[in-house]
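Everything below belongs to protein_14.txt, which stores compact mmCIF, C-alpha atoms.
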```txt
# COMPACT_ATOMS: atom_id res chain seq x y z
CA MET A 202 105.43 97.22 120.71
CA GLN A 203 107.91 99.95 121.52
CA SER A 204 111.56 99.06 122.05
CA SER A 205 112.75 98.85 125.64
CA ILE A 206 116.26 99.59 126.92
CA ILE A 207 118.42 97.55 129.28
CA GLU A 208 121.47 99.21 130.86
CA SER A 209 124.25 96.63 130.93
CA ILE A 210 127.88 97.24 131.94
CA GLY A 211 127.79 100.88 130.96
CA ARG A 212 126.10 100.39 127.60
CA SER A 213 122.50 100.31 126.38
CA ILE A 214 120.92 97.26 124.82
CA TYR A 215 117.75 97.82 122.78
CA ARG A 216 115.28 94.97 122.61
CA ARG A 217 113.44 94.16 119.37
CA SER A 218 115.52 96.74 117.49
CA CYS A 219 117.96 94.88 115.24
CA PRO A 220 117.22 96.12 111.70
CA ASN A 221 117.84 92.63 110.35
CA CYS A 222 116.45 90.04 112.78
CA GLY A 223 114.36 92.20 115.11
CA GLY A 224 116.24 90.99 118.21
CA SER A 225 118.25 92.84 120.86
CA ILE A 226 121.10 95.05 119.75
CA SER A 227 123.70 97.30 121.36
CA GLU A 228 123.56 101.08 121.16
CA ALA A 229 126.98 101.10 119.47
CA ARG A 230 125.72 98.87 116.66
CA LEU A 231 122.60 100.98 116.18
CA LYS A 232 124.64 104.17 115.94
CA LEU A 233 126.65 102.60 113.13
CA GLY A 234 123.47 101.42 111.40
CA LEU A 235 124.58 97.80 111.75
CA PRO A 236 122.71 94.58 112.61
CA CYS A 237 123.27 92.85 115.95
CA GLU A 238 126.25 90.61 116.76
CA ARG A 239 124.24 87.45 116.14
CA CYS A 240 123.50 88.52 112.57
CA LEU A 241 126.90 90.07 111.89
CA PRO A 242 129.55 88.78 114.32
CA ARG A 243 132.38 90.82 112.80
CA ILE A 244 132.09 94.50 111.88
CA PRO A 245 133.39 94.90 108.31
CA GLY A 246 135.87 97.62 107.38
CA ASP A 247 133.24 99.13 105.11
CA VAL A 248 130.01 99.69 107.03
CA SER A 249 127.98 100.90 104.04
CA LEU A 250 124.56 99.35 103.53
CA GLU A 251 125.81 97.68 100.35
CA SER A 252 128.76 96.05 102.14
CA VAL A 253 126.67 94.91 105.12
CA TYR A 254 124.01 93.49 102.79
CA ARG A 255 126.61 91.49 100.87
CA GLU A 256 128.18 90.13 104.07
CA LEU A 257 124.82 89.06 105.52
CA GLU A 258 124.00 87.42 102.21
CA ARG A 259 127.33 85.55 102.29
CA LEU A 260 126.66 84.37 105.84
CA GLY A 261 123.13 83.26 104.99
CA ARG A 262 121.72 85.59 107.65
CA LEU A 263 119.89 88.10 105.49
CA GLY A 264 116.56 89.14 107.02
CA ARG A 265 114.72 92.45 107.18
CA LEU A 266 117.76 94.27 105.85
CA ALA A 267 117.05 92.83 102.42
CA GLU A 268 113.94 94.99 102.08
CA LEU A 269 115.76 98.05 103.45
CA TYR A 270 118.54 97.52 100.93
CA LYS A 271 116.05 97.15 98.08
CA LEU A 272 114.28 100.39 99.04
CA GLU A 273 117.55 102.30 99.39
CA ARG A 274 118.78 101.08 96.02
CA GLU A 275 115.51 102.06 94.32
CA HIS A 276 115.60 105.45 96.04
CA ARG A 277 119.06 106.11 94.62
CA GLU A 278 117.97 104.85 91.21
CA LEU A 279 114.90 107.11 91.06
CA SER A 280 116.84 110.11 92.40
CA SER A 281 119.43 109.60 89.67
CA PHE A 282 116.69 109.32 87.03
CA PHE A 283 115.09 112.48 88.44
CA GLU A 284 118.36 114.41 88.07
CA LYS A 285 118.91 113.12 84.56
CA ALA A 286 115.37 114.10 83.47
CA LEU A 287 115.29 117.50 85.16
CA GLY A 288 118.93 118.56 85.18
CA TYR A 289 119.24 118.86 88.95
CA PRO A 290 118.65 116.55 91.92
CA PRO A 291 115.37 116.40 93.86
CA TRP A 292 115.09 118.92 96.66
CA GLY A 293 114.00 118.26 100.28
CA ALA A 294 110.26 117.65 99.92
CA GLN A 295 110.71 115.75 96.67
CA ARG A 296 113.20 113.42 98.36
CA THR A 297 110.54 112.68 100.98
CA TRP A 298 107.97 111.95 98.27
CA ILE A 299 110.46 109.64 96.55
CA LYS A 300 110.92 107.65 99.77
CA ARG A 301 107.17 107.23 100.12
CA PHE A 302 106.86 106.30 96.46
CA VAL A 303 109.49 103.54 96.55
CA ARG A 304 107.87 102.11 99.70
CA GLY A 305 104.64 101.79 97.74
CA ASP A 306 102.74 104.17 100.03
CA SER A 307 99.52 105.87 98.98
CA PHE A 308 99.77 109.49 100.08
CA SER A 309 98.62 113.04 99.36
CA ILE A 310 100.95 115.95 98.65
CA ILE A 311 99.91 119.20 100.27
CA ALA A 312 102.23 121.96 99.10
CA PRO A 313 102.03 125.40 97.47
CA THR A 314 101.84 125.81 93.69
CA GLY A 315 105.19 125.72 91.97
CA VAL A 316 107.11 123.38 94.28
CA GLY A 317 107.24 120.51 91.79
CA LYS A 318 104.30 118.25 92.66
CA THR A 319 103.28 117.62 89.06
CA THR A 320 106.90 117.29 87.95
CA PHE A 321 107.42 114.64 90.62
CA GLY A 322 104.35 112.72 89.40
CA ILE A 323 105.50 112.82 85.80
CA ILE A 324 109.06 111.73 86.59
CA ALA A 325 107.84 108.91 88.84
CA ALA A 326 105.61 107.66 86.01
CA LEU A 327 108.45 107.94 83.47
CA TYR A 328 110.79 106.07 85.82
CA LEU A 329 108.34 103.19 86.08
CA ALA A 330 107.90 103.20 82.29
CA CYS A 331 111.56 103.47 81.30
CA VAL A 332 113.22 101.44 84.06
CA LYS A 333 110.54 99.00 85.19
CA GLY A 334 108.30 98.71 82.11
CA GLU A 335 105.25 99.45 84.29
CA LYS A 336 102.09 101.38 83.44
CA SER A 337 101.04 104.64 85.13
CA TYR A 338 98.04 106.96 84.94
CA ILE A 339 98.02 110.73 85.43
CA VAL A 340 94.60 112.34 85.95
CA VAL A 341 94.11 116.11 85.61
CA PRO A 342 90.99 118.34 85.74
CA THR A 343 91.05 119.90 82.23
CA ALA A 344 91.99 119.24 78.61
CA THR A 345 94.46 122.12 78.71
CA LEU A 346 96.32 120.46 81.57
CA VAL A 347 96.37 117.15 79.68
CA VAL A 348 98.22 118.87 76.84
CA GLN A 349 100.63 120.60 79.23
CA VAL A 350 101.45 117.39 81.10
CA LEU A 351 101.90 115.53 77.80
CA GLU A 352 104.39 118.13 76.52
CA LYS A 353 106.32 118.10 79.79
CA ALA A 354 106.37 114.29 79.94
CA ARG A 355 107.79 114.11 76.41
CA GLN A 356 110.48 116.66 77.24
CA LEU A 357 111.50 114.96 80.48
CA ALA A 358 111.56 111.55 78.79
CA SER A 359 113.81 112.96 76.07
CA ASN A 360 116.13 114.44 78.71
CA ALA A 361 116.32 111.06 80.42
CA GLY A 362 117.11 109.34 77.13
CA CYS A 363 114.03 107.13 76.99
CA ASN A 364 111.05 106.88 74.69
CA PRO A 365 108.03 105.42 76.50
CA ARG A 366 104.66 105.11 74.80
CA ILE A 367 102.62 108.06 76.16
CA VAL A 368 98.91 108.28 75.39
CA ALA A 369 96.88 111.43 76.12
CA ILE A 370 93.10 111.61 75.80
CA HIS A 371 90.99 114.77 76.05
CA ALA A 372 87.88 116.33 74.49
CA LYS A 373 89.71 118.84 72.27
CA MET A 374 91.60 116.24 70.22
CA ARG A 375 91.00 115.81 66.51
CA LYS A 376 88.82 112.82 65.68
CA SER A 377 91.65 110.79 64.12
CA GLU A 378 93.98 111.50 67.06
CA LYS A 379 91.34 110.51 69.58
CA GLU A 380 90.55 107.28 67.74
CA GLU A 381 94.23 106.35 67.72
CA ALA A 382 94.61 107.20 71.41
CA LEU A 383 91.50 105.23 72.37
CA LYS A 384 92.74 102.22 70.41
CA ALA A 385 96.08 102.35 72.25
CA PHE A 386 94.23 102.58 75.57
CA GLU A 387 91.89 99.70 74.77
CA THR A 388 94.73 97.42 73.63
CA GLY A 389 97.05 98.42 76.48
CA ASP A 390 99.65 99.74 74.03
CA PHE A 391 101.06 102.42 76.33
CA HIS A 392 103.25 103.03 79.36
CA LEU A 393 101.73 106.31 80.53
CA LEU A 394 98.09 107.38 80.16
CA ILE A 395 97.12 111.02 80.71
CA SER A 396 93.47 112.04 80.77
CA THR A 397 90.90 114.32 82.32
CA VAL A 398 88.75 113.43 85.29
CA ALA A 399 85.75 113.27 82.94
CA PHE A 400 87.38 110.46 80.96
CA ALA A 401 88.18 108.60 84.17
CA ARG A 402 84.56 108.81 85.33
CA LYS A 403 83.27 107.44 82.03
CA ASN A 404 85.76 104.57 81.83
CA VAL A 405 86.03 103.29 85.39
CA GLU A 406 85.65 99.61 84.50
CA ALA A 407 88.12 99.69 81.60
CA LEU A 408 90.67 101.60 83.69
CA SER A 409 90.33 99.15 86.58
CA ARG A 410 91.38 96.29 84.29
CA VAL A 411 94.65 97.91 83.20
CA GLY A 412 96.64 97.17 86.36
CA PHE A 413 98.40 100.49 86.80
CA LYS A 414 101.47 100.46 89.03
CA PHE A 415 101.08 104.16 89.80
CA VAL A 416 98.18 106.61 89.66
CA PHE A 417 98.83 110.33 90.11
CA VAL A 418 95.84 112.64 90.58
CA ASP A 419 96.73 116.28 89.98
CA ASP A 420 94.53 118.86 91.73
CA VAL A 421 92.69 116.37 93.89
CA ASP A 422 90.29 119.05 95.16
CA ALA A 423 88.78 119.36 91.70
CA VAL A 424 88.38 115.59 91.50
CA LEU A 425 86.74 115.25 94.90
CA LYS A 426 84.01 117.74 94.01
CA SER A 427 82.33 114.84 92.24
CA GLY A 428 81.00 112.06 94.46
CA ARG A 429 81.45 109.53 91.66
CA SER A 430 85.08 110.55 91.20
```
As structure tokens, how would this structure be written, given the file I've shared?
Amino acid sequence: MQSSIIESIGRSIYRRSCPNCGGSISEARLKLGLPCERCLPRIPGDVSLESVYRELERLGRLGRLAELYKLEREHRELSSFFEKALGYPPWGAQRTWIKRFVRGDSFSIIAPTGVGKTTFGIIAALYLACVKGEKSYIVVPTATLVVQVLEKARQLASNAGCNPRIVAIHAKMRKSEKEEALKAFETGDFHLLISTVAFARKNVEALSRVGFKFVFVDDVDAVLKSGRS
């Protein structure tokens, strides 16, 4: 339901709009990004999200703001990791993608070549590996791209000062390399798996048992050409 406004003694009161309890809140509080007076009777000297979160926690009145605080903290954490891995902070569109990522959204990225889509996917996967210990999967159309993504992932991980277990599987690998990679995949001894679409199609059941936190499909048009994909 959309918020409604009540004009009261020269100020606006917004119903169902408190970011913490979902109750009514004054326009002045909203402009400051603060919860309503019931949640936070006294406005602290520091009105940062961190300070407000701590005060609500102290008062035992922490509600929806807890999730907002968690998302904001993870956004800052991933942005910092991004800058460390790449050497410069994420730009406009990448910041939007990061917000969607930390919310756990499933989304498509429609943008011209060269704006950093693949780089974003790699860094997001490395962040989950290095900071959270979670598994990710990057799917690309060709063996050549598997090799390119692997090289870039290793470089970015080195820049970030971490050493996750990265496994790449493609048709052009030497037999011994492929056997080692397949063994790591089958035993779950990896943080990041990179493969072609062909490998994904052949190993749907095994992949579904891994429990990936993040799956990044590069060049989705090529993937969607196959009904099975």
With 7 Å as the threshold, what does the neighbourhood of (106.6, 104.8, 82.8) contain in terms of residues, counting only C-alpha atoms? Coordinates are those of the file; answer as a PyMOL selection string. chain A and resi 326-331+334-337+365+392-393
Next, the residues of the selection above should be written as a compact mmCIF listing (two decimals), in the coordinates of the input with C-alpha atoms.
```
# COMPACT_ATOMS: atom_id res chain seq x y z
CA ALA A 326 105.61 107.66 86.01
CA LEU A 327 108.45 107.94 83.47
CA TYR A 328 110.79 106.07 85.82
CA LEU A 329 108.34 103.19 86.08
CA ALA A 330 107.90 103.20 82.29
CA CYS A 331 111.56 103.47 81.30
CA GLY A 334 108.30 98.71 82.11
CA GLU A 335 105.25 99.45 84.29
CA LYS A 336 102.09 101.38 83.44
CA SER A 337 101.04 104.64 85.13
CA PRO A 365 108.03 105.42 76.50
CA HIS A 392 103.25 103.03 79.36
CA LEU A 393 101.73 106.31 80.53
```
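For the choices A:His371, A:Arg239, A:Arg304, A:Arg217, the atom-to-atom distance to A:Val348 is smallest for A:His371 when using only C-alpha atoms.
Considering the residues A:Gln356, A:Ser227, A:Asn221, A:Thr319 and counting only C-alpha atoms, A:Gly288 has its shortest atom-to-atom contact with A:Gln356.
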12 Å contact set for stretch 251-260 of chain A, all atoms listed in the file, chain neighbours under 6 positions out, as a PyMOL selection string: chain A and resi 220-222+233-245+266-274
Extract, using all atoms listed in the file, all DNA, RNA and protein residues at most 10 Å from A:Lys373, discarding same-chain residues fewer than 2 positions from it, and format them as an NGL selection string. :A and (344-345 or 348 or 370-371 or 375-376 or 378-379)
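Residues surrounding stretch 290-298 of chain A within 9 Å are His276, Ser280, Ser281, Phe282, Phe283, Glu284, Lys285, Val303, Phe308, Ile310, Val316, Gly317, Lys318 and Phe321 of chain A [only C-alpha atoms; sequence separation below 5 positions excluded].
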Please list as a PyMOL selection string every residue within 9 Å of A:Ile367, counting only C-alpha atoms and excluding residues in the same chain fewer than 2 positions away. chain A and resi 351+354-355+364-365+369+391-395
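Computed from the coordinates, the atom CA of A:Glu406 to atom CA of A:Phe386 distance equals 12.7 Å.
Reported to one decimal place, the separation of atom CA of A:Lys384 from atom CA of A:Ala372 is 15.5 Å.
Using all atoms listed in the file, the shortest contact distance between A:Ala361 and any of A:Gly305, A:Val332, A:Ala382, A:Val405 is found at A:Val332.
Atom CA of A:Ser309 sits 19.9 Å away from atom CA of A:Thr343.
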Identify which of the residues A:Cys363, A:Gln349, A:Arg212, A:Arg265 lies closest to A:Gly224, counting only C-alpha atoms when measuring atom-to-atom distances. A:Arg265
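Take the candidates A:Val418, A:Ser377, A:Lys232, A:Val341 and check each one against A:Phe400 using all atoms listed in the file; the shortest distance goes to A:Val341.
If you measure from each of A:Tyr338, A:Thr397, A:Glu381, A:Leu346 to A:Ser409 using all atoms listed in the file, the closest one turns out to be A:Tyr338.
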Taking 3 positions as the minimum chain separation for residues in the same chain, which residues sit within 9 Å of A:Ala399 when counting all atoms listed in the file? Answer as a ChimeraX atom specification. /A:342-343,371,396,402-404,430
